[in-house]
$ cat structure.cif   # mmCIF, C-alpha atoms
data_entry
loop_
_atom_site.label_atom_id
_atom_site.label_comp_id
_atom_site.auth_asym_id
_atom_site.auth_seq_id
_atom_site.Cartn_x
_atom_site.Cartn_y
_atom_site.Cartn_z
CA MET A 1 57.68 11.75 54.87
CA ALA A 2 56.60 13.87 51.91
CA PHE A 3 59.52 12.60 49.86
CA SER A 4 58.64 9.01 50.73
CA ARG A 5 55.06 9.50 49.62
CA LEU A 6 56.21 11.03 46.31
CA ALA A 7 58.66 8.20 45.76
CA ALA A 8 55.95 5.62 46.42
CA ALA A 9 53.58 7.35 44.01
CA ALA A 10 56.24 7.47 41.33
CA ALA A 11 57.00 3.81 41.80
CA LEU A 12 53.30 2.97 41.46
CA CYS A 13 53.07 4.94 38.22
CA LEU A 14 56.09 3.10 36.84
CA CYS A 15 54.50 -0.23 37.73
CA VAL A 16 51.25 0.71 35.96
CA LEU A 17 53.12 1.79 32.84
CA ALA A 18 55.26 -1.31 32.89
CA PHE A 19 52.23 -3.61 32.99
CA ALA A 20 50.02 -1.63 30.57
CA PRO A 21 51.04 -3.56 27.41
CA ALA A 22 50.43 -6.87 29.17
CA ALA A 23 47.02 -5.67 30.32
CA ASN A 24 46.11 -4.68 26.76
CA ALA A 25 47.19 -8.06 25.49
CA ALA A 26 45.13 -9.78 28.17
CA ALA A 27 42.11 -7.73 27.10
CA SER A 28 41.78 -9.79 23.89
CA MET A 29 38.30 -11.30 24.03
CA ARG A 30 37.39 -14.97 24.28
CA ILE A 31 33.89 -15.23 22.82
CA VAL A 32 31.52 -18.19 22.91
CA SER A 33 28.63 -18.14 20.42
CA LEU A 34 25.43 -20.08 21.06
CA ALA A 35 23.74 -19.61 17.68
CA PRO A 36 24.65 -19.78 13.96
CA SER A 37 23.52 -16.19 13.32
CA VAL A 38 25.77 -14.96 16.13
CA THR A 39 28.76 -16.90 14.84
CA GLU A 40 28.28 -15.55 11.32
CA THR A 41 27.98 -12.03 12.70
CA LEU A 42 31.18 -12.32 14.75
CA PHE A 43 33.18 -13.55 11.77
CA ALA A 44 31.62 -10.96 9.46
CA LEU A 45 32.71 -8.25 11.91
CA GLY A 46 36.29 -9.52 11.78
CA ALA A 47 36.26 -11.07 15.25
CA GLY A 48 36.64 -14.68 14.15
CA ALA A 49 40.01 -15.04 15.85
CA GLU A 50 38.37 -14.19 19.17
CA VAL A 51 35.69 -16.90 18.91
CA VAL A 52 36.73 -19.86 21.06
CA GLY A 53 33.52 -21.93 21.04
CA VAL A 54 30.33 -22.27 19.00
CA SER A 55 26.99 -24.07 19.07
CA GLN A 56 26.50 -27.51 17.61
CA TYR A 57 24.57 -25.98 14.70
CA CYS A 58 27.21 -23.43 13.64
CA ASP A 59 28.57 -24.41 10.22
CA TYR A 60 29.47 -21.10 8.59
CA PRO A 61 32.00 -19.80 7.86
CA PRO A 62 34.08 -22.99 7.38
CA GLN A 63 36.50 -21.87 10.14
CA ALA A 64 33.69 -22.34 12.65
CA LEU A 65 33.62 -26.08 12.00
CA ALA A 66 36.99 -26.50 13.71
CA LEU A 67 35.94 -24.78 16.94
CA PRO A 68 34.84 -26.57 20.15
CA ARG A 69 31.09 -27.26 20.43
CA VAL A 70 29.17 -26.05 23.48
CA GLY A 71 25.60 -27.26 22.88
CA SER A 72 22.93 -24.92 21.55
CA PHE A 73 21.16 -21.75 22.61
CA LEU A 74 18.40 -23.79 24.30
CA THR A 75 20.65 -26.56 25.65
CA PRO A 76 24.05 -24.98 26.31
CA ASN A 77 26.74 -27.17 27.88
CA LEU A 78 27.66 -25.18 30.97
CA GLU A 79 30.83 -27.15 31.74
CA ALA A 80 32.11 -26.86 28.17
CA ILE A 81 31.48 -23.10 28.15
CA ILE A 82 33.26 -22.50 31.47
CA ALA A 83 36.22 -24.63 30.36
CA LEU A 84 36.81 -22.18 27.50
CA ARG A 85 37.23 -19.29 29.98
CA PRO A 86 35.01 -16.90 27.98
CA THR A 87 35.04 -13.16 28.47
CA LEU A 88 31.72 -12.94 26.59
CA VAL A 89 28.94 -15.43 25.80
CA VAL A 90 26.53 -14.39 23.04
CA GLY A 91 23.20 -16.15 22.53
CA LEU A 92 19.59 -15.56 21.56
CA GLU A 93 16.98 -13.88 23.74
CA LEU A 94 14.84 -17.01 23.44
CA SER A 95 17.25 -18.62 25.90
CA SER A 96 17.05 -15.89 28.55
CA ASP A 97 15.15 -18.22 30.92
CA VAL A 98 17.37 -21.25 30.27
CA ARG A 99 18.88 -22.51 33.53
CA GLN A 100 22.43 -22.58 32.17
CA ILE A 101 22.21 -18.96 30.99
CA ARG A 102 21.01 -17.86 34.42
CA ALA A 103 23.89 -19.83 35.96
CA LEU A 104 26.44 -18.09 33.75
CA ASN A 105 25.05 -14.72 34.80
CA SER A 106 25.13 -15.65 38.48
CA MET A 107 28.76 -16.77 38.18
CA GLY A 108 29.76 -13.44 36.67
CA TYR A 109 30.29 -14.47 33.06
CA PRO A 110 29.21 -11.62 30.74
CA VAL A 111 26.26 -12.71 28.58
CA LEU A 112 24.80 -10.80 25.62
CA LEU A 113 21.47 -11.93 24.18
CA VAL A 114 20.15 -10.80 20.80
CA SER A 115 17.17 -11.55 18.53
CA ASP A 116 16.97 -12.50 14.85
CA ASP A 117 13.26 -12.97 14.06
CA SER A 118 13.04 -9.98 11.71
CA LEU A 119 15.25 -7.88 9.47
CA GLN A 120 15.21 -5.08 12.03
CA GLU A 121 16.22 -7.48 14.79
CA ILE A 122 19.02 -8.92 12.65
CA GLU A 123 20.40 -5.45 12.03
CA THR A 124 19.99 -4.45 15.66
CA SER A 125 21.75 -7.62 16.81
CA ILE A 126 24.69 -6.86 14.51
CA GLU A 127 24.93 -3.38 16.00
CA LYS A 128 24.66 -4.69 19.58
CA VAL A 129 27.35 -7.30 19.02
CA GLY A 130 29.57 -4.76 17.24
CA ALA A 131 29.26 -2.31 20.12
CA ARG A 132 29.99 -4.99 22.72
CA ILE A 133 33.15 -6.24 21.01
CA ASN A 134 34.40 -2.73 20.20
CA ARG A 135 33.74 -2.95 16.47
CA PRO A 136 30.89 -0.44 15.98
CA ASP A 137 32.22 0.87 12.66
CA ASP A 138 32.40 -2.64 11.24
CA ALA A 139 28.83 -3.22 12.40
CA ASP A 140 27.63 -0.02 10.71
CA ARG A 141 29.37 -1.05 7.50
CA LEU A 142 27.81 -4.52 7.58
CA VAL A 143 24.30 -3.20 8.20
CA ALA A 144 24.74 -0.70 5.36
CA GLU A 145 25.75 -3.52 3.01
CA ILE A 146 22.67 -5.55 3.96
CA GLU A 147 20.37 -2.57 3.44
CA ALA A 148 21.95 -1.86 0.05
CA GLN A 149 21.40 -5.48 -1.05
CA ILE A 150 17.75 -5.33 -0.01
CA ALA A 151 17.18 -1.96 -1.67
CA ALA A 152 18.66 -3.20 -4.96
CA ILE A 153 16.32 -6.21 -5.02
CA GLN A 154 13.31 -4.07 -4.11
CA GLN A 155 14.11 -1.79 -7.00
CA ARG A 156 14.40 -4.71 -9.40
CA LEU A 157 11.02 -6.06 -8.27
CA ALA A 158 9.23 -2.70 -8.22
CA SER A 159 6.99 -3.45 -11.21
CA VAL A 160 6.25 -7.15 -10.75
CA LYS A 161 2.89 -8.48 -9.67
CA PRO A 162 2.76 -10.38 -6.35
CA VAL A 163 2.12 -14.12 -6.61
CA ARG A 164 0.71 -16.61 -4.12
CA ALA A 165 3.60 -18.53 -2.61
CA LEU A 166 4.34 -21.12 0.02
CA MET A 167 7.66 -21.83 1.73
CA LEU A 168 8.09 -25.17 3.49
CA VAL A 169 10.79 -26.32 5.88
CA GLY A 170 9.60 -29.93 6.29
CA HIS A 171 7.13 -32.58 5.09
CA GLN A 172 6.44 -34.80 8.11
CA PRO A 173 4.53 -32.87 9.28
CA ILE A 174 4.21 -30.16 6.64
CA VAL A 175 5.76 -27.14 8.34
CA ALA A 176 5.62 -23.77 6.62
CA VAL A 177 7.15 -20.35 7.09
CA GLY A 178 4.54 -18.19 8.81
CA THR A 179 4.16 -14.69 10.17
CA GLY A 180 6.61 -13.17 12.63
CA THR A 181 9.69 -14.67 10.97
CA TYR A 182 12.40 -13.02 8.93
CA LEU A 183 11.69 -15.49 6.12
CA ASP A 184 8.08 -14.30 5.88
CA GLU A 185 9.44 -10.77 5.69
CA LEU A 186 11.81 -11.79 2.90
CA MET A 187 8.91 -13.38 1.01
CA ARG A 188 6.93 -10.17 1.22
CA ILE A 189 9.90 -8.10 0.04
CA ALA A 190 10.22 -10.61 -2.83
CA ARG A 191 6.64 -9.71 -3.83
CA ALA A 192 5.00 -12.92 -2.64
CA ASP A 193 1.69 -13.35 -0.87
CA ASN A 194 2.50 -15.96 1.76
CA ILE A 195 -0.51 -18.28 1.94
CA ALA A 196 0.68 -19.67 5.30
CA ALA A 197 0.28 -16.24 6.89
CA ALA A 198 -3.42 -17.02 7.31
CA ALA A 199 -2.52 -19.52 10.05
CA GLY A 200 -1.26 -16.68 12.26
CA GLU A 201 1.72 -18.71 13.52
CA GLN A 202 5.47 -18.54 12.99
CA TRP A 203 5.86 -22.15 11.89
CA PRO A 204 2.35 -23.48 11.14
CA HIS A 205 1.61 -27.12 10.42
CA LEU A 206 -0.45 -27.22 7.23
CA SER A 207 -2.65 -29.89 5.74
CA MET A 208 -2.41 -30.80 2.08
CA GLU A 209 -6.09 -29.89 1.81
CA PHE A 210 -5.24 -26.35 2.87
CA ILE A 211 -2.43 -26.11 0.32
CA ILE A 212 -4.66 -27.40 -2.48
CA ALA A 213 -7.43 -24.97 -1.54
CA THR A 214 -5.15 -21.91 -1.38
CA ARG A 215 -3.57 -22.72 -4.76
CA PRO A 216 0.00 -21.43 -4.40
CA GLU A 217 1.61 -20.38 -7.67
CA VAL A 218 5.13 -20.97 -6.36
CA ILE A 219 6.31 -23.45 -3.72
CA LEU A 220 9.74 -23.25 -2.10
CA ASP A 221 10.33 -26.64 -0.54
CA GLY A 222 13.22 -27.01 1.87
CA ALA A 223 12.69 -30.76 2.10
CA MET A 224 13.91 -30.99 -1.49
CA GLY A 225 17.25 -29.37 -0.73
CA SER A 226 18.98 -28.27 -3.90
CA ASP A 227 17.77 -31.29 -5.92
CA ALA A 228 14.66 -30.35 -7.89
CA ALA A 229 14.10 -33.96 -8.98
CA SER A 230 13.45 -34.99 -5.37
CA SER A 231 10.05 -33.25 -5.53
CA ASP A 232 8.56 -35.69 -8.06
CA ASP A 233 7.37 -38.38 -5.70
CA PHE A 234 5.85 -35.95 -3.22
CA TRP A 235 4.20 -33.35 -5.44
CA GLU A 236 3.21 -35.26 -8.58
CA LYS A 237 0.09 -36.50 -6.78
CA TYR A 238 -1.29 -32.94 -6.63
CA PRO A 239 -1.40 -31.66 -10.24
CA THR A 240 -4.26 -29.23 -9.50
CA ILE A 241 -1.93 -27.02 -7.46
CA PRO A 242 -0.82 -24.25 -9.86
CA ALA A 243 2.81 -24.44 -8.71
CA VAL A 244 2.89 -28.17 -9.45
CA ARG A 245 1.02 -27.85 -12.74
CA ASP A 246 3.37 -25.10 -13.95
CA HIS A 247 6.54 -26.79 -12.65
CA ARG A 248 7.21 -24.00 -10.19
CA VAL A 249 8.12 -26.11 -7.17
CA TYR A 250 11.70 -25.31 -6.19
CA GLY A 251 14.05 -26.71 -3.62
CA TYR A 252 16.46 -24.61 -1.63
CA ALA A 253 19.50 -25.33 0.49
CA GLU A 254 19.28 -24.67 4.23
CA ASP A 255 22.50 -22.70 3.96
CA PRO A 256 22.07 -19.76 3.80
CA MET A 257 18.27 -19.67 3.61
CA LEU A 258 17.55 -20.83 7.15
CA HIS A 259 20.45 -18.87 8.66
CA ALA A 260 19.41 -15.51 10.00
CA GLY A 261 22.35 -13.12 10.07
CA PRO A 262 24.69 -11.19 7.79
CA ARG A 263 23.80 -13.22 4.66
CA VAL A 264 20.13 -12.31 4.83
CA GLY A 265 20.49 -10.23 1.65
CA GLN A 266 21.79 -13.30 -0.17
CA SER A 267 18.81 -15.31 1.09
CA LEU A 268 16.43 -12.62 -0.17
CA GLU A 269 17.94 -12.78 -3.64
CA ILE A 270 17.58 -16.58 -3.75
CA ILE A 271 13.89 -16.27 -2.83
CA ALA A 272 13.26 -13.39 -5.22
CA ARG A 273 14.92 -15.13 -8.17
CA LYS A 274 12.75 -18.24 -7.67
CA ILE A 275 9.51 -16.30 -7.24
CA HIS A 276 10.14 -13.70 -9.97
CA PRO A 277 12.80 -14.99 -12.38
CA GLU A 278 11.40 -12.65 -15.03
CA ALA A 279 12.75 -9.67 -13.11
CA TRP A 280 16.28 -10.89 -13.79
CA GLN A 281 15.64 -12.23 -17.29
CA ARG A 282 14.26 -9.02 -18.71
CA GLY A 283 16.94 -6.91 -17.09
CA GLY A 284 19.73 -9.09 -18.37
CA GLY A 285 21.16 -9.34 -14.85
CA GLU A 286 22.76 -12.46 -13.44
#
$ encode --input "structure.cif" --output "structure tokens"
Amino acid sequence: MAFSRLAAAAALCLCVLAFAPAANAAASMRIVSLAPSVTETLFALGAGAEVVGVSQYCDYPPQALALPRVGSFLTPNLEAIIALRPTLVVGLELSSDVRQIRALNSMGYPVLLVSDDSLQEIETSIEKVGARINRPDDADRLVAEIEAQIAAIQQRLASVKPVRALMLVGHQPIVAVGTGTYLDELMRIARADNIAAAAGEQWPHLSMEFIIATRPEVILDGAMGSDAASSDDFWEKYPTIPAVRDHRVYGYAEDPMLHAGPRVGQSLEIIARKIHPEAWQRGGGE
């Protein structure tokens, strides 16, 4: 009897060893991302090959455009997600009460939710994702790169005087960047006094009367895109606004500016260069 038990134990060990490589291969993750910032983070951490589905708004990096679409973080397509057989679904904490997210949890699909409303939250989300997909060192490296980019820009702007600025994301209605957003934080790092902060909202709707009264010296207008000439028809009617008078109304592309995530340092530099071009001109930097 003792010999039989030993033989059985040995056979079990052999079976475990024989299947170990297959088990490791099967452990490769199948990740579904429900937000652009999450998708960018996954690819930046080197896990792009493990991403099997993305949200309808994910457009960076270019490889993400070829992946199946599964709705968005507020309206995820439950059937499409399940069909991809994910081992991890990553979304934003804003969707924690969304019915489909609760359904995924109840069915046993692992769900990780992160936030990206501030620089600290962006960095924390990178670290959380990195830890969950077994890439903590890559996450540490990425966060260090972001912090180095921000520190370099802060140093360049150390001696400049803050200016009154306004950042818009739309015209109809006029929607501005307000407090409690990472873009407001980037504006402050770029030595701008955000006039929309007075509204006390993340995305306040502003009147033109308010904008005229607060006299912004620089306007960053997302409705213009990257074409500065597109501002003429809208802004030429308000020549008393200092930014209009001094030709300091600038467009910006949504990518990367409106994408929270690993390229936040790049977004900061775009903002800083438009608000304080003199900081680059006098230093001879490009």
$ axis_aligned_box --input "structure.cif" --around "stretch 131-148 of chain A" --padding-each-side "6 Å" --output "lines of an AutoDock Vina configuration file"
center_x = 27.4
center_y = -2.7
center_z = 11.4
size_x = 26.0
size_y = 19.1
size_z = 34.7
$ resolve_selection --input "structure.cif" --expression "the PyMOL selection byres ((chain A and resi 50) around 10)" --output "ChimeraX atom specification"
/A:28-32,42-43,46-49,51-53,86-87,133
$ atom_distance --input "structure.cif" --atom1 "atom CA of A:Ala64" --atom2 "atom CA of A:Thr39"
7.7 Å
$ closest_residue --input "structure.cif" --among "A:Pro277, A:Met257, A:Gly71, A:Leu104" --to "A:Asp221" --atoms "all atoms listed in the file"
A:Met257
$ resolve_selection --input "structure.cif" --expression "the PyMOL selection byres ((chain A and resi 217) around 8)" --output "list in words"
Val163, Arg164, Ala165, Arg215, Pro216, Val218, Ile219, Ile241, Pro242, Ala243 and Arg248 of chain A
$ write_last_selection --input "structure.cif" --atoms "C-alpha atoms" --output "JSON list (two decimals), keeping the file's coordinate frame"
[["chain", "number", "residue", "atom", "x", "y", "z"],
["A", 163, "VAL", "CA", 2.12, -14.12, -6.61],
["A", 164, "ARG", "CA", 0.71, -16.61, -4.12],
["A", 165, "ALA", "CA", 3.60, -18.53, -2.61],
["A", 215, "ARG", "CA", -3.57, -22.72, -4.76],
["A", 216, "PRO", "CA", 0.00, -21.43, -4.40],
["A", 218, "VAL", "CA", 5.13, -20.97, -6.36],
["A", 219, "ILE", "CA", 6.31, -23.45, -3.72],
["A", 241, "ILE", "CA", -1.93, -27.02, -7.46],
["A", 242, "PRO", "CA", -0.82, -24.25, -9.86],
["A", 243, "ALA", "CA", 2.81, -24.44, -8.71],
["A", 248, "ARG", "CA", 7.21, -24.00, -10.19]]
$ resolve_selection --input "structure.cif" --expression "the PyMOL selection byres ((chain A and resi 149-157) around 12)" --output "PyMOL selection string"
chain A and resi 119+142-148+158-162+185-192+262-273+275-285
$ write_last_selection --input "structure.cif" --atoms "C-alpha atoms" --output "CSV table (one decimal), keeping the file's coordinate frame"
chain,number,residue,atom,x,y,z
A,119,LEU,CA,15.2,-7.9,9.5
A,142,LEU,CA,27.8,-4.5,7.6
A,143,VAL,CA,24.3,-3.2,8.2
A,144,ALA,CA,24.7,-0.7,5.4
A,145,GLU,CA,25.8,-3.5,3.0
A,146,ILE,CA,22.7,-5.6,4.0
A,147,GLU,CA,20.4,-2.6,3.4
A,148,ALA,CA,22.0,-1.9,0.0
A,158,ALA,CA,9.2,-2.7,-8.2
A,159,SER,CA,7.0,-3.4,-11.2
A,160,VAL,CA,6.2,-7.2,-10.8
A,161,LYS,CA,2.9,-8.5,-9.7
A,162,PRO,CA,2.8,-10.4,-6.4
A,185,GLU,CA,9.4,-10.8,5.7
A,186,LEU,CA,11.8,-11.8,2.9
A,187,MET,CA,8.9,-13.4,1.0
A,188,ARG,CA,6.9,-10.2,1.2
A,189,ILE,CA,9.9,-8.1,0.0
A,190,ALA,CA,10.2,-10.6,-2.8
A,191,ARG,CA,6.6,-9.7,-3.8
A,192,ALA,CA,5.0,-12.9,-2.6
A,262,PRO,CA,24.7,-11.2,7.8
A,263,ARG,CA,23.8,-13.2,4.7
A,264,VAL,CA,20.1,-12.3,4.8
A,265,GLY,CA,20.5,-10.2,1.6
A,266,GLN,CA,21.8,-13.3,-0.2
A,267,SER,CA,18.8,-15.3,1.1
A,268,LEU,CA,16.4,-12.6,-0.2
A,269,GLU,CA,17.9,-12.8,-3.6
A,270,ILE,CA,17.6,-16.6,-3.8
A,271,ILE,CA,13.9,-16.3,-2.8
A,272,ALA,CA,13.3,-13.4,-5.2
A,273,ARG,CA,14.9,-15.1,-8.2
A,275,ILE,CA,9.5,-16.3,-7.2
A,276,HIS,CA,10.1,-13.7,-10.0
A,277,PRO,CA,12.8,-15.0,-12.4
A,278,GLU,CA,11.4,-12.6,-15.0
A,279,ALA,CA,12.8,-9.7,-13.1
A,280,TRP,CA,16.3,-10.9,-13.8
A,281,GLN,CA,15.6,-12.2,-17.3
A,282,ARG,CA,14.3,-9.0,-18.7
A,283,GLY,CA,16.9,-6.9,-17.1
A,284,GLY,CA,19.7,-9.1,-18.4
A,285,GLY,CA,21.2,-9.3,-14.8
$ closest_residue --input "structure.cif" --among "A:Ser33, A:Pro61, A:Lys128, A:Asn134" --to "A:Leu88" --atoms "all atoms listed in the file"
A:Ser33
$ closest_residue --input "structure.cif" --among "A:Asn105, A:Thr181, A:Ser125, A:Asn77" --to "A:Val38" --atoms "all atoms listed in the file"
A:Ser125
$ residues_around --input "structure.cif" --residues "A:Thr75" --least-positions-apart "2" --cutoff "12 Å" --atoms "all atoms listed in the file" --output "compact mmCIF listing (two decimals) with C-alpha atoms, in the coordinates of the input"
# COMPACT_ATOMS: atom_id res chain seq x y z
CA LEU A 34 25.43 -20.08 21.06
CA ALA A 35 23.74 -19.61 17.68
CA SER A 55 26.99 -24.07 19.07
CA GLN A 56 26.50 -27.51 17.61
CA TYR A 57 24.57 -25.98 14.70
CA ARG A 69 31.09 -27.26 20.43
CA VAL A 70 29.17 -26.05 23.48
CA GLY A 71 25.60 -27.26 22.88
CA SER A 72 22.93 -24.92 21.55
CA PHE A 73 21.16 -21.75 22.61
CA ASN A 77 26.74 -27.17 27.88
CA LEU A 78 27.66 -25.18 30.97
CA GLU A 79 30.83 -27.15 31.74
CA ALA A 80 32.11 -26.86 28.17
CA ILE A 81 31.48 -23.10 28.15
CA GLY A 91 23.20 -16.15 22.53
CA LEU A 92 19.59 -15.56 21.56
CA LEU A 94 14.84 -17.01 23.44
CA SER A 95 17.25 -18.62 25.90
CA SER A 96 17.05 -15.89 28.55
CA ASP A 97 15.15 -18.22 30.92
CA VAL A 98 17.37 -21.25 30.27
CA ARG A 99 18.88 -22.51 33.53
CA GLN A 100 22.43 -22.58 32.17
CA ILE A 101 22.21 -18.96 30.99
$ closest_residue --input "structure.cif" --among "A:Leu183, A:Met107, A:Ala176, A:Ala198" --to "A:Pro256" --atoms "all atoms listed in the file"
A:Leu183
$ atom_distance --input "structure.cif" --atom1 "atom CA of A:Glu93" --atom2 "atom CA of A:Thr124"
12.8 Å
$ atom_distance --input "structure.cif" --atom1 "atom CA of A:Asp117" --atom2 "atom CA of A:Phe210"
25.4 Å
$ decode --input "structure.cif" --residues "stretch 103-165 of chain A" --atoms "C-alpha atoms" --output "PDB file, in the first residue's frame"
ATOM      1  CA  ALA A 103     -22.352  42.262 -14.536  1.00  0.00           C
ATOM      2  CA  LEU A 104     -18.746  41.496 -15.468  1.00  0.00           C
ATOM      3  CA  ASN A 105     -17.823  41.378 -11.797  1.00  0.00           C
ATOM      4  CA  SER A 106     -20.746  39.098 -10.965  1.00  0.00           C
ATOM      5  CA  MET A 107     -19.766  36.714 -13.770  1.00  0.00           C
ATOM      6  CA  GLY A 108     -16.237  36.433 -12.427  1.00  0.00           C
ATOM      7  CA  TYR A 109     -14.370  38.498 -15.011  1.00  0.00           C
ATOM      8  CA  PRO A 110     -11.495  40.371 -13.313  1.00  0.00           C
ATOM      9  CA  VAL A 111     -12.036  44.143 -13.548  1.00  0.00           C
ATOM     10  CA  LEU A 112      -9.513  46.846 -12.642  1.00  0.00           C
ATOM     11  CA  LEU A 113     -10.714  50.454 -12.410  1.00  0.00           C
ATOM     12  CA  VAL A 114      -8.361  53.444 -12.329  1.00  0.00           C
ATOM     13  CA  SER A 115      -8.640  57.249 -12.348  1.00  0.00           C
ATOM     14  CA  ASP A 116      -6.976  59.897 -14.521  1.00  0.00           C
ATOM     15  CA  ASP A 117      -8.319  63.273 -13.328  1.00  0.00           C
ATOM     16  CA  SER A 118      -4.971  64.500 -11.977  1.00  0.00           C
ATOM     17  CA  LEU A 119      -1.264  63.952 -12.483  1.00  0.00           C
ATOM     18  CA  GLN A 120      -1.108  61.929  -9.278  1.00  0.00           C
ATOM     19  CA  GLU A 121      -4.003  59.759 -10.408  1.00  0.00           C
ATOM     20  CA  ILE A 122      -2.404  59.233 -13.822  1.00  0.00           C
ATOM     21  CA  GLU A 123       0.812  58.073 -12.185  1.00  0.00           C
ATOM     22  CA  THR A 124      -1.044  55.905  -9.683  1.00  0.00           C
ATOM     23  CA  SER A 125      -3.091  54.314 -12.465  1.00  0.00           C
ATOM     24  CA  ILE A 126       0.094  53.461 -14.367  1.00  0.00           C
ATOM     25  CA  GLU A 127       1.492  51.804 -11.244  1.00  0.00           C
ATOM     26  CA  LYS A 128      -1.763  49.913 -10.565  1.00  0.00           C
ATOM     27  CA  VAL A 129      -1.968  48.631 -14.122  1.00  0.00           C
ATOM     28  CA  GLY A 130       1.728  47.717 -14.105  1.00  0.00           C
ATOM     29  CA  ALA A 131       1.343  45.743 -10.889  1.00  0.00           C
ATOM     30  CA  ARG A 132      -1.755  43.925 -12.163  1.00  0.00           C
ATOM     31  CA  ILE A 133      -0.146  42.822 -15.426  1.00  0.00           C
ATOM     32  CA  ASN A 134       3.157  41.874 -13.782  1.00  0.00           C
ATOM     33  CA  ARG A 135       5.128  44.799 -15.202  1.00  0.00           C
ATOM     34  CA  PRO A 136       5.877  46.890 -12.082  1.00  0.00           C
ATOM     35  CA  ASP A 137       9.404  47.811 -13.195  1.00  0.00           C
ATOM     36  CA  ASP A 138       8.121  49.104 -16.520  1.00  0.00           C
ATOM     37  CA  ALA A 139       5.519  51.146 -14.642  1.00  0.00           C
ATOM     38  CA  ASP A 140       8.166  52.648 -12.354  1.00  0.00           C
ATOM     39  CA  ARG A 141      10.280  53.545 -15.377  1.00  0.00           C
ATOM     40  CA  LEU A 142       7.337  55.179 -17.150  1.00  0.00           C
ATOM     41  CA  VAL A 143       6.338  57.237 -14.112  1.00  0.00           C
ATOM     42  CA  ALA A 144       9.949  58.357 -13.668  1.00  0.00           C
ATOM     43  CA  GLU A 145      10.049  59.513 -17.298  1.00  0.00           C
ATOM     44  CA  ILE A 146       6.849  61.535 -16.850  1.00  0.00           C
ATOM     45  CA  GLU A 147       8.150  63.157 -13.673  1.00  0.00           C
ATOM     46  CA  ALA A 148      11.440  64.022 -15.386  1.00  0.00           C
ATOM     47  CA  GLN A 149       9.577  65.677 -18.283  1.00  0.00           C
ATOM     48  CA  ILE A 150       7.492  67.747 -15.878  1.00  0.00           C
ATOM     49  CA  ALA A 151      10.499  68.744 -13.770  1.00  0.00           C
ATOM     50  CA  ALA A 152      12.414  69.910 -16.850  1.00  0.00           C
ATOM     51  CA  ILE A 153       9.536  72.154 -17.940  1.00  0.00           C
ATOM     52  CA  GLN A 154       9.084  73.532 -14.424  1.00  0.00           C
ATOM     53  CA  GLN A 155      12.744  74.443 -14.351  1.00  0.00           C
ATOM     54  CA  ARG A 156      12.506  76.190 -17.708  1.00  0.00           C
ATOM     55  CA  LEU A 157       9.510  78.221 -16.523  1.00  0.00           C
ATOM     56  CA  ALA A 158      10.903  79.043 -13.075  1.00  0.00           C
ATOM     57  CA  SER A 159      11.405  82.745 -13.772  1.00  0.00           C
ATOM     58  CA  VAL A 160       8.407  83.558 -15.972  1.00  0.00           C
ATOM     59  CA  LYS A 161       5.459  85.601 -14.797  1.00  0.00           C
ATOM     60  CA  PRO A 162       2.054  83.857 -14.743  1.00  0.00           C
ATOM     61  CA  VAL A 163      -0.457  85.067 -17.326  1.00  0.00           C
ATOM     62  CA  ARG A 164      -4.246  84.899 -17.418  1.00  0.00           C
ATOM     63  CA  ALA A 165      -5.251  82.043 -19.680  1.00  0.00           C
TER      64      ALA A 165
END
